[in-house]
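Enquirer: Sharing start.csv, CSV, C-alpha atoms and all ligand atoms:
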```
chain,number,residue,atom,x,y,z
A,1,MET,CA,96.0,85.1,99.2
A,2,ARG,CA,99.6,84.0,99.5
A,3,ASN,CA,102.4,86.4,98.3
A,4,VAL,CA,100.1,87.7,95.5
A,5,SER,CA,101.6,90.2,93.0
A,6,ILE,CA,99.7,91.7,90.1
A,7,HIS,CA,101.5,93.6,87.3
A,8,TYR,CA,100.2,95.7,84.4
A,9,GLY,CA,103.2,95.9,82.1
A,10,ASP,CA,105.9,97.7,84.3
A,11,LEU,CA,103.4,98.8,86.9
A,12,VAL,CA,103.2,96.8,90.1
A,13,ALA,CA,99.6,97.2,91.1
A,14,VAL,CA,99.7,94.6,94.0
A,15,ASP,CA,103.0,93.8,95.6
A,16,ASP,CA,103.4,90.6,97.6
A,17,VAL,CA,100.2,90.6,99.6
A,18,THR,CA,99.4,87.7,102.0
A,19,LEU,CA,96.0,87.8,103.5
A,20,SER,CA,93.4,85.3,104.8
A,21,VAL,CA,89.7,85.6,105.5
A,22,GLU,CA,88.1,83.4,108.2
A,23,PRO,CA,85.0,81.5,107.2
A,24,GLY,CA,81.9,83.5,107.7
A,25,SER,CA,83.8,86.7,108.4
A,26,VAL,CA,83.9,90.0,106.5
A,27,LEU,CA,87.2,91.5,105.4
A,28,ALA,CA,87.5,95.1,104.1
A,29,LEU,CA,90.2,96.0,101.7
A,30,LEU,CA,90.7,99.7,102.5
A,31,GLY,CA,92.9,102.2,100.7
A,32,PRO,CA,93.2,105.3,98.6
A,33,SER,CA,92.4,105.3,94.9
A,34,GLY,CA,95.0,103.3,92.9
A,35,SER,CA,96.2,101.3,95.9
A,36,GLY,CA,95.4,98.0,94.3
A,37,LYS,CA,92.2,96.9,96.1
A,38,SER,CA,90.1,96.2,92.9
A,39,SER,CA,93.0,94.5,91.2
A,40,LEU,CA,93.3,92.2,94.2
A,41,LEU,CA,89.6,91.5,94.3
A,42,ARG,CA,89.5,90.8,90.6
A,43,ALA,CA,92.4,88.3,91.0
A,44,LEU,CA,90.5,86.5,93.7
A,45,ALA,CA,87.6,86.2,91.3
A,46,GLY,CA,89.9,84.8,88.6
A,47,LEU,CA,89.5,87.9,86.4
A,48,GLU,CA,93.1,89.1,86.7
A,49,PRO,CA,96.2,87.0,86.2
A,50,LEU,CA,98.8,86.8,89.0
A,51,ALA,CA,102.4,87.8,88.3
A,52,ALA,CA,103.3,85.8,91.4
A,53,GLY,CA,101.7,84.0,94.4
A,54,GLN,CA,98.6,82.0,94.9
A,55,VAL,CA,94.9,82.3,95.7
A,56,LEU,CA,93.8,79.4,97.8
A,57,TRP,CA,90.4,78.2,99.1
A,58,ASP,CA,90.7,75.9,102.1
A,59,GLY,CA,94.3,75.3,101.2
A,60,ILE,CA,93.5,74.4,97.5
A,61,ASP,CA,95.1,76.5,94.8
A,62,LEU,CA,92.4,78.1,92.6
A,63,SER,CA,94.7,78.9,89.7
A,64,THR,CA,93.1,76.3,87.4
A,65,THR,CA,89.6,77.0,88.6
A,66,PRO,CA,87.8,79.3,86.1
A,67,VAL,CA,85.8,82.3,87.2
A,68,HIS,CA,82.4,80.6,87.0
A,69,ARG,CA,83.5,77.6,89.0
A,70,ARG,CA,84.9,79.5,91.9
A,71,ASN,CA,81.3,79.9,93.2
A,72,PHE,CA,81.8,83.5,94.3
A,73,GLY,CA,79.1,86.2,94.2
A,74,PHE,CA,79.9,89.7,93.0
A,75,VAL,CA,78.5,93.2,93.7
A,76,PHE,CA,79.8,96.2,91.8
A,77,GLN,CA,79.7,99.9,92.2
A,78,ASP,CA,76.8,100.2,89.7
A,79,ALA,CA,74.2,97.5,90.3
A,80,GLN,CA,74.6,96.1,86.7
A,81,LEU,CA,71.1,94.6,86.8
A,82,PHE,CA,69.6,93.1,83.6
A,83,SER,CA,67.3,95.9,82.4
A,84,THR,CA,65.0,93.7,80.3
A,85,MET,CA,64.1,91.6,83.4
A,86,ASP,CA,62.0,92.6,86.4
A,87,VAL,CA,63.4,92.5,89.9
A,88,GLY,CA,62.3,88.9,90.6
A,89,ARG,CA,63.9,87.5,87.4
A,90,ASN,CA,67.1,89.4,88.2
A,91,ILE,CA,67.3,87.7,91.6
A,92,ALA,CA,66.3,84.3,90.2
A,93,TYR,CA,69.0,84.6,87.5
A,94,GLY,CA,71.5,82.2,89.2
A,95,LEU,CA,68.8,79.7,90.4
A,96,GLY,CA,68.3,78.0,87.1
A,97,LYS,CA,68.5,74.5,88.5
A,98,LEU,CA,65.8,74.9,91.1
A,99,PRO,CA,62.1,74.1,90.5
A,100,ARG,CA,59.9,77.1,89.8
A,101,HIS,CA,58.2,77.2,93.2
A,102,ARG,CA,61.6,77.0,95.0
A,103,ARG,CA,63.0,79.8,92.9
A,104,GLN,CA,60.0,82.0,93.7
A,105,GLU,CA,60.4,81.1,97.4
A,106,ARG,CA,64.1,82.0,97.3
A,107,VAL,CA,63.4,85.3,95.6
A,108,ARG,CA,60.9,86.2,98.3
A,109,GLU,CA,63.4,85.2,101.0
A,110,MET,CA,66.1,87.4,99.4
A,111,LEU,CA,63.8,90.4,99.0
A,112,HIS,CA,62.8,90.1,102.6
A,113,LEU,CA,66.5,89.9,103.6
A,114,VAL,CA,67.3,93.2,101.8
A,115,GLY,CA,64.1,95.0,102.9
A,116,LEU,CA,62.3,95.0,99.5
A,117,GLN,CA,59.3,92.8,100.2
A,118,GLY,CA,56.8,92.8,97.3
A,119,PHE,CA,59.3,94.2,94.7
A,120,GLU,CA,59.3,91.0,92.5
A,121,GLY,CA,57.4,92.6,89.6
A,122,ARG,CA,59.1,96.0,89.6
A,123,LYS,CA,61.0,97.1,86.5
A,124,VAL,CA,64.7,97.6,87.4
A,125,THR,CA,64.6,101.0,85.6
A,126,GLU,CA,62.1,102.1,88.2
A,127,LEU,CA,64.4,101.6,91.2
A,128,SER,CA,66.4,104.2,93.1
A,129,GLY,CA,70.1,103.8,93.3
A,130,GLY,CA,69.9,102.3,96.8
A,131,GLN,CA,67.1,99.9,95.9
A,132,ALA,CA,69.1,98.8,92.8
A,133,GLN,CA,72.1,98.0,95.0
A,134,ARG,CA,69.9,96.0,97.4
A,135,VAL,CA,68.6,94.0,94.4
A,136,ALA,CA,72.1,93.4,93.2
A,137,LEU,CA,73.0,92.1,96.7
A,138,ALA,CA,69.9,89.9,96.7
A,139,ARG,CA,70.8,88.5,93.3
A,140,SER,CA,74.4,87.7,94.3
A,141,LEU,CA,73.4,86.0,97.6
A,142,ALA,CA,70.5,84.0,96.1
A,143,PRO,CA,72.5,81.0,94.9
A,144,SER,CA,74.4,80.9,98.3
A,145,PRO,CA,77.9,81.6,97.0
A,146,ARG,CA,80.7,80.4,99.2
A,147,ALA,CA,82.0,83.9,99.3
A,148,LEU,CA,80.8,87.3,98.2
A,149,LEU,CA,83.1,89.9,96.6
A,150,LEU,CA,81.9,93.5,96.8
A,151,ASP,CA,83.8,96.2,94.9
A,152,GLU,CA,82.8,99.7,96.2
A,153,PRO,CA,79.1,98.7,96.3
A,154,LEU,CA,78.0,101.9,98.0
A,155,SER,CA,80.3,104.5,96.5
A,156,ALA,CA,77.9,105.7,93.8
A,157,LEU,CA,75.3,106.6,96.5
A,158,ASP,CA,74.9,109.9,98.4
A,159,ARG,CA,76.4,110.1,101.8
A,160,SER,CA,73.3,109.6,104.1
A,161,LEU,CA,72.1,106.6,102.0
A,162,ARG,CA,75.7,105.2,102.0
A,163,GLU,CA,75.9,105.3,105.8
A,164,HIS,CA,72.4,103.7,106.1
A,165,LEU,CA,73.2,101.0,103.6
A,166,ALA,CA,76.6,100.3,105.3
A,167,ASP,CA,74.7,99.5,108.5
A,168,GLU,CA,72.2,97.4,106.5
A,169,LEU,CA,75.0,95.6,104.6
A,170,ALA,CA,76.7,94.7,107.9
A,171,ARG,CA,73.4,93.3,109.3
A,172,ILE,CA,72.7,91.3,106.1
A,173,LEU,CA,76.2,89.8,105.8
A,174,ARG,CA,76.0,88.7,109.5
A,175,GLU,CA,72.5,87.3,109.1
A,176,VAL,CA,73.5,85.2,106.0
A,177,GLY,CA,76.9,84.3,107.6
A,178,THR,CA,78.6,84.5,104.3
A,179,THR,CA,82.3,85.0,103.9
A,180,ALA,CA,82.8,88.4,102.2
A,181,ILE,CA,85.5,90.7,101.0
A,182,HIS,CA,84.5,94.3,100.7
A,183,VAL,CA,86.6,96.9,98.8
A,184,THR,CA,86.2,100.5,99.8
A,185,HIS,CA,88.1,103.8,100.1
A,186,ASP,CA,85.9,104.9,103.0
A,187,GLN,CA,87.4,104.4,106.4
A,188,ASP,CA,84.1,104.5,108.3
A,189,GLU,CA,82.3,102.2,105.8
A,190,ALA,CA,85.1,99.6,106.2
A,191,SER,CA,84.9,99.8,110.0
A,192,THR,CA,81.1,99.5,109.9
A,193,VAL,CA,80.9,96.6,107.5
A,194,ALA,CA,84.0,94.5,108.3
A,195,ASP,CA,85.2,92.3,111.1
A,196,THR,CA,88.8,92.9,109.9
A,197,VAL,CA,90.2,95.7,107.9
A,198,ALA,CA,93.2,95.4,105.6
A,199,VAL,CA,94.8,98.8,104.7
A,200,MET,CA,96.5,99.0,101.4
A,201,ASP,CA,98.7,101.7,99.8
A,202,HIS,CA,100.8,101.5,96.6
A,203,GLY,CA,99.9,97.8,96.2
A,204,ARG,CA,101.2,96.9,99.6
A,205,LEU,CA,99.4,95.6,102.7
A,206,LEU,CA,100.2,98.2,105.4
A,207,GLN,CA,98.1,96.7,108.3
A,208,ARG,CA,95.4,94.1,109.0
A,209,ALA,CA,93.4,94.6,112.2
A,210,GLU,CA,90.0,94.7,113.8
A,211,PRO,CA,88.5,98.1,113.3
A,212,ASP,CA,88.8,99.3,116.9
A,213,VAL,CA,92.5,98.2,117.0
A,214,LEU,CA,93.1,99.9,113.7
A,215,TRP,CA,91.8,103.2,115.0
A,216,ARG,CA,93.5,103.0,118.4
A,217,ASN,CA,96.8,101.6,117.2
A,218,PRO,CA,97.6,102.3,113.5
A,219,ALA,CA,100.7,100.4,112.5
A,220,SER,CA,102.5,103.4,111.0
A,221,ARG,CA,102.1,107.2,110.4
A,222,ASP,CA,101.0,106.4,106.9
A,223,VAL,CA,98.1,104.3,108.1
A,224,ALA,CA,97.2,106.9,110.8
A,225,ARG,CA,97.3,109.8,108.2
A,226,PHE,CA,95.0,107.8,105.9
A,227,LEU,CA,92.6,107.4,108.9
A,228,GLY,CA,92.5,111.2,109.3
A,229,PHE,CA,95.1,111.7,112.1
A,230,SER,CA,96.8,114.8,110.8
A,231,ALA,CA,99.2,115.7,113.6
A,232,PHE,CA,101.6,113.7,115.8
A,233,LEU,CA,102.6,114.6,119.4
A,234,THR,CA,105.3,113.3,121.8
A,235,ASN,CA,104.2,112.2,125.3
A,236,ASP,CA,105.3,115.6,126.8
A,237,GLN,CA,103.5,117.6,124.0
A,238,ALA,CA,100.3,115.5,124.6
A,239,ALA,CA,100.5,115.9,128.4
A,240,ALA,CA,100.9,119.7,128.0
A,241,LEU,CA,97.5,119.7,126.2
A,242,GLY,CA,95.9,117.8,129.1
A,243,TRP,CA,96.2,114.2,127.8
A,244,VAL,CA,96.2,111.8,130.8
A,245,GLY,CA,97.5,108.7,128.9
A,246,ARG,CA,101.2,107.6,128.6
A,247,LEU,CA,103.1,106.8,125.5
A,248,GLY,CA,106.0,104.3,125.2
A,249,ALA,CA,109.5,105.5,124.2
A,250,HIS,CA,109.0,104.9,120.5
A,251,GLU,CA,105.4,106.1,120.2
A,252,VAL,CA,103.6,109.3,119.2
A,253,LEU,CA,100.0,110.2,119.6
A,254,GLY,CA,98.0,110.8,116.3
A,255,ILE,CA,95.6,113.7,116.6
A,256,GLY,CA,92.3,113.2,114.7
A,257,PRO,CA,89.1,115.2,114.4
A,258,ARG,CA,87.7,113.7,117.7
A,259,SER,CA,91.0,114.1,119.7
A,260,LEU,CA,90.5,117.7,120.8
A,261,GLU,CA,87.5,119.2,122.7
A,262,LEU,CA,86.6,122.7,123.6
A,263,HIS,CA,87.1,123.2,127.4
A,264,ASP,CA,87.0,126.3,129.5
A,265,ASP,CA,90.2,125.3,131.4
A,266,GLY,CA,91.9,124.1,128.3
A,267,VAL,CA,95.1,125.4,126.5
A,268,PRO,CA,94.4,128.5,124.2
A,269,LEU,CA,95.2,127.7,120.6
A,270,PRO,CA,94.9,130.1,117.6
A,271,VAL,CA,92.0,129.4,115.2
A,272,THR,CA,93.2,128.9,111.6
A,273,SER,CA,90.0,127.9,109.7
A,274,GLN,CA,86.3,127.0,110.1
A,275,GLY,CA,84.2,124.7,108.0
A,276,PHE,CA,81.3,122.4,108.2
A,277,ALA,CA,81.2,118.6,108.3
A,278,LEU,CA,77.9,116.7,108.8
A,279,GLY,CA,76.3,119.9,110.1
A,280,GLU,CA,78.9,120.4,112.8
A,281,VAL,CA,81.5,123.1,112.7
A,282,GLU,CA,85.1,122.0,112.1
A,283,ILE,CA,87.5,124.4,113.7
A,284,GLY,CA,91.1,124.3,112.5
A,285,VAL,CA,93.7,125.2,115.2
A,286,ARG,CA,97.5,125.5,115.3
A,287,LEU,CA,99.1,123.3,117.9
A,288,PRO,CA,102.0,124.8,120.1
A,289,ASP,CA,104.6,123.2,117.8
A,290,GLY,CA,103.1,124.6,114.7
A,291,GLN,CA,101.2,121.5,113.4
A,292,GLY,CA,97.6,121.9,112.3
A,293,ALA,CA,94.7,120.0,113.8
A,294,THR,CA,90.9,120.2,113.8
A,295,LEU,CA,88.1,119.8,116.4
A,296,THR,CA,84.3,119.7,116.1
A,297,ALA,CA,82.1,122.2,117.8
A,298,ALA,CA,78.3,123.0,117.8
A,299,GLU,CA,78.7,126.5,116.4
A,300,ARG,CA,81.2,128.9,114.8
A,301,THR,CA,83.5,131.0,116.9
A,302,THR,CA,84.3,134.6,116.4
A,303,ALA,CA,87.3,134.5,118.8
A,304,PRO,CA,90.8,134.4,117.4
A,305,GLN,CA,91.6,131.5,119.7
A,306,VAL,CA,89.8,128.7,121.5
A,307,ARG,CA,90.6,126.8,124.6
A,308,VAL,CA,91.0,123.1,124.0
A,309,ARG,CA,91.8,119.8,125.9
A,310,LEU,CA,93.3,116.7,124.3
A,311,VAL,CA,91.1,113.8,125.2
A,312,SER,CA,92.1,110.9,122.9
A,313,GLY,CA,94.4,109.9,120.0
A,314,ALA,CA,95.8,107.1,118.1
A,315,VAL,CA,99.0,105.5,119.6
A,316,THR,CA,101.3,105.2,116.6
A,317,PRO,CA,104.9,104.1,116.2
A,318,ALA,CA,107.2,107.1,116.0
A,401,LIG,N1,93.6,97.1,83.4
A,401,LIG,C1,94.6,97.9,83.8
A,401,LIG,N2,95.7,98.2,83.1
A,401,LIG,C2,96.7,99.0,83.5
A,401,LIG,N3,96.8,99.5,84.7
A,401,LIG,C3,95.8,99.2,85.6
A,401,LIG,C4,94.6,98.4,85.2
A,401,LIG,N4,93.8,98.4,86.2
A,401,LIG,C5,94.4,99.1,87.2
A,401,LIG,N5,95.6,99.6,86.9
A,401,LIG,C6,96.5,100.4,87.7
A,401,LIG,O1,96.8,99.6,88.8
A,401,LIG,C7,96.8,100.4,90.0
A,401,LIG,C8,95.9,99.8,91.0
A,401,LIG,O2,94.6,100.0,90.5
A,401,LIG,P1,93.3,99.4,91.3
A,401,LIG,O3,92.1,99.7,90.4
A,401,LIG,O4,93.5,98.0,91.7
A,401,LIG,O5,93.3,100.3,92.6
A,401,LIG,P2,92.1,100.7,93.6
A,401,LIG,O6,92.7,100.8,94.9
A,401,LIG,O7,91.0,99.7,93.4
A,401,LIG,O8,91.6,102.1,93.1
A,401,LIG,P3,90.2,102.7,93.0
A,401,LIG,O9,89.7,102.9,94.4
A,401,LIG,O10,90.4,104.1,92.3
A,401,LIG,O11,89.4,101.8,92.1
A,401,LIG,C9,96.6,101.8,89.6
A,401,LIG,O12,97.8,102.5,89.4
A,401,LIG,C10,95.8,101.7,88.3
A,401,LIG,O13,96.0,102.8,87.5
```
Do you think you could lay out the structure here as structure tokens?
Ligand SMILES: Nc1ncnc2c1ncn2[C@@H]1O[C@H](COP(=O)(O)OP(=O)(O)OP(=O)(O)O)[C@@H](O)[C@H]1O
Expert:
Amino acid sequence: MRNVSIHYGDLVAVDDVTLSVEPGSVLALLGPSGSGKSSLLRALAGLEPLAAGQVLWDGIDLSTTPVHRRNFGFVFQDAQLFSTMDVGRNIAYGLGKLPRHRRQERVREMLHLVGLQGFEGRKVTELSGGQAQRVALARSLAPSPRALLLDEPLSALDRSLREHLADELARILREVGTTAIHVTHDQDEASTVADTVAVMDHGRLLQRAEPDVLWRNPASRDVARFLGFSAFLTNDQAAALGWVGRLGAHEVLGIGPRSLELHDDGVPLPVTSQGFALGEVEIGVRLPDGQGATLTAAERTTAPQVRVRLVSGAVTPA
């Protein structure tokens, strides 16, 4: 994508985005609702006209290549399976040119890949949401597309299934070695599935980085906030809470839900709230300068304050 902009009337949905995907790697487009991720993905597919810029494959401009000739596979939020066909025929849909026995072999291979061996004859109306998404993935991979475009493929599933399928999707994409672009608003999902994460907001590309670099060094406070770092401390403030690292002159430390830990010798901080996340207690505390932060604990506290130590954070430009 080179200097790509997409407009809907006066609205600038995508604003001058330049991004590339290495062959065989997975790129996540991550951003809040309305940040332009789906518009960008649709433009790659040829489904959205560009106001400016180019989509290139191997240096060749695709502007005159229609959707069906781009040889990209798609997976959407809802599986969009053909309800009148069984699972096997859904997966074989794009394999028209192959002889029958090769089609059947390919369907078996794909079902094995997505962990649904023996499902060929199932009605698609008798699949769970997670199974339907696996079939949709198998169908899109069957004709060996040169790239796979995934638009929030897991977001209609419940959380535990989503987390499990994100791991599975990461494995499957690596196994097939396909180039893929995965749109999601979920920070953890992006980091699990992708080799590289591109963070978008208001149509602009804010940062492109490998997941661990993104979490350690967000490019701005906006990126850090989107990742869940809610407070920002100077070097002296961080050191006063027990942090042993050192910040540069123009850096602050972003404080996220894993940055603070309960510690008997820690600094006492007032408790402001308590809630649950994934079965653990999230304790809200007020930092010495008045900013709010959270930490996770095994159980609720009845005390008005807890002792905490700052163990990690995201080094962010001030
Ligand atoms: N067909 C359309 N016509 C007009 N405006 C649109 C259209 N599609 C998207 N938009 C607008 O463009 C902006 C970007 O939308 P887009 O769907 O690309 O964002 P997104 O990051 O994928 O959001 P979500 O995660 O909610 O799907 C939004 O402000 C949206 O309202």
Enquirer: Using only C-alpha atoms, which residue out of A:Gly254, A:Gln207, A:Leu165, A:Pro66 lies closest to Ala132 of chain A?
Expert: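 Of A:Gly254, A:Gln207, A:Leu165, A:Pro66, the one nearest Ala132 of chain A, counting only C-alpha atoms, is A:Leu165.
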Enquirer: Check every protein, DNA and RNA residue against ligand LIG 401 (chain A), keep those with an atom at most 7 Å away (counting only C-alpha atoms and all ligand atoms), and present them as a list in words.
Expert: Tyr8, Leu11, Ala13, Gly31, Pro32, Ser33, Gly34, Ser35, Gly36, Lys37, Ser38, Ser39, Leu40, Thr184, His185 and Gly203 of chain A
Enquirer: Next, the residues of the selection above should be written as a PDB file, keeping the file's coordinate frame with C-alpha atoms.
Expert:
```
ATOM      1  CA  TYR A   8     100.200  95.700  84.400  1.00  0.00           C
ATOM      2  CA  LEU A  11     103.400  98.800  86.900  1.00  0.00           C
ATOM      3  CA  ALA A  13      99.600  97.200  91.100  1.00  0.00           C
ATOM      4  CA  GLY A  31      92.900 102.200 100.700  1.00  0.00           C
ATOM      5  CA  PRO A  32      93.200 105.300  98.600  1.00  0.00           C
ATOM      6  CA  SER A  33      92.400 105.300  94.900  1.00  0.00           C
ATOM      7  CA  GLY A  34      95.000 103.300  92.900  1.00  0.00           C
ATOM      8  CA  SER A  35      96.200 101.300  95.900  1.00  0.00           C
ATOM      9  CA  GLY A  36      95.400  98.000  94.300  1.00  0.00           C
ATOM     10  CA  LYS A  37      92.200  96.900  96.100  1.00  0.00           C
ATOM     11  CA  SER A  38      90.100  96.200  92.900  1.00  0.00           C
ATOM     12  CA  SER A  39      93.000  94.500  91.200  1.00  0.00           C
ATOM     13  CA  LEU A  40      93.300  92.200  94.200  1.00  0.00           C
ATOM     14  CA  THR A 184      86.200 100.500  99.800  1.00  0.00           C
ATOM     15  CA  HIS A 185      88.100 103.800 100.100  1.00  0.00           C
ATOM     16  CA  GLY A 203      99.900  97.800  96.200  1.00  0.00           C
TER      17      GLY A 203
END
```
Enquirer: Quick one: distance from atom CA of Gln237 of chain A to atom CA of Leu310 of chain A in Å, one decimal?
Expert: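 According to the coordinates, atom CA of Gln237 of chain A and atom CA of Leu310 of chain A are separated by 10.2 Å.
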Enquirer: Mind pulling up the distance from atom CA of Gly256 of chain A to atom CA of Arg225 of chain A?
Expert: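 Pair atom CA of Arg225 of chain A / atom CA of Gly256 of chain A returns 8.9 Å.
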Enquirer: Would you mind reading off the distance between atom CA of Asp61 of chain A and atom CA of Glu152 of chain A, one decimal, in Å?
Expert: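 The value is 26.3 Å.
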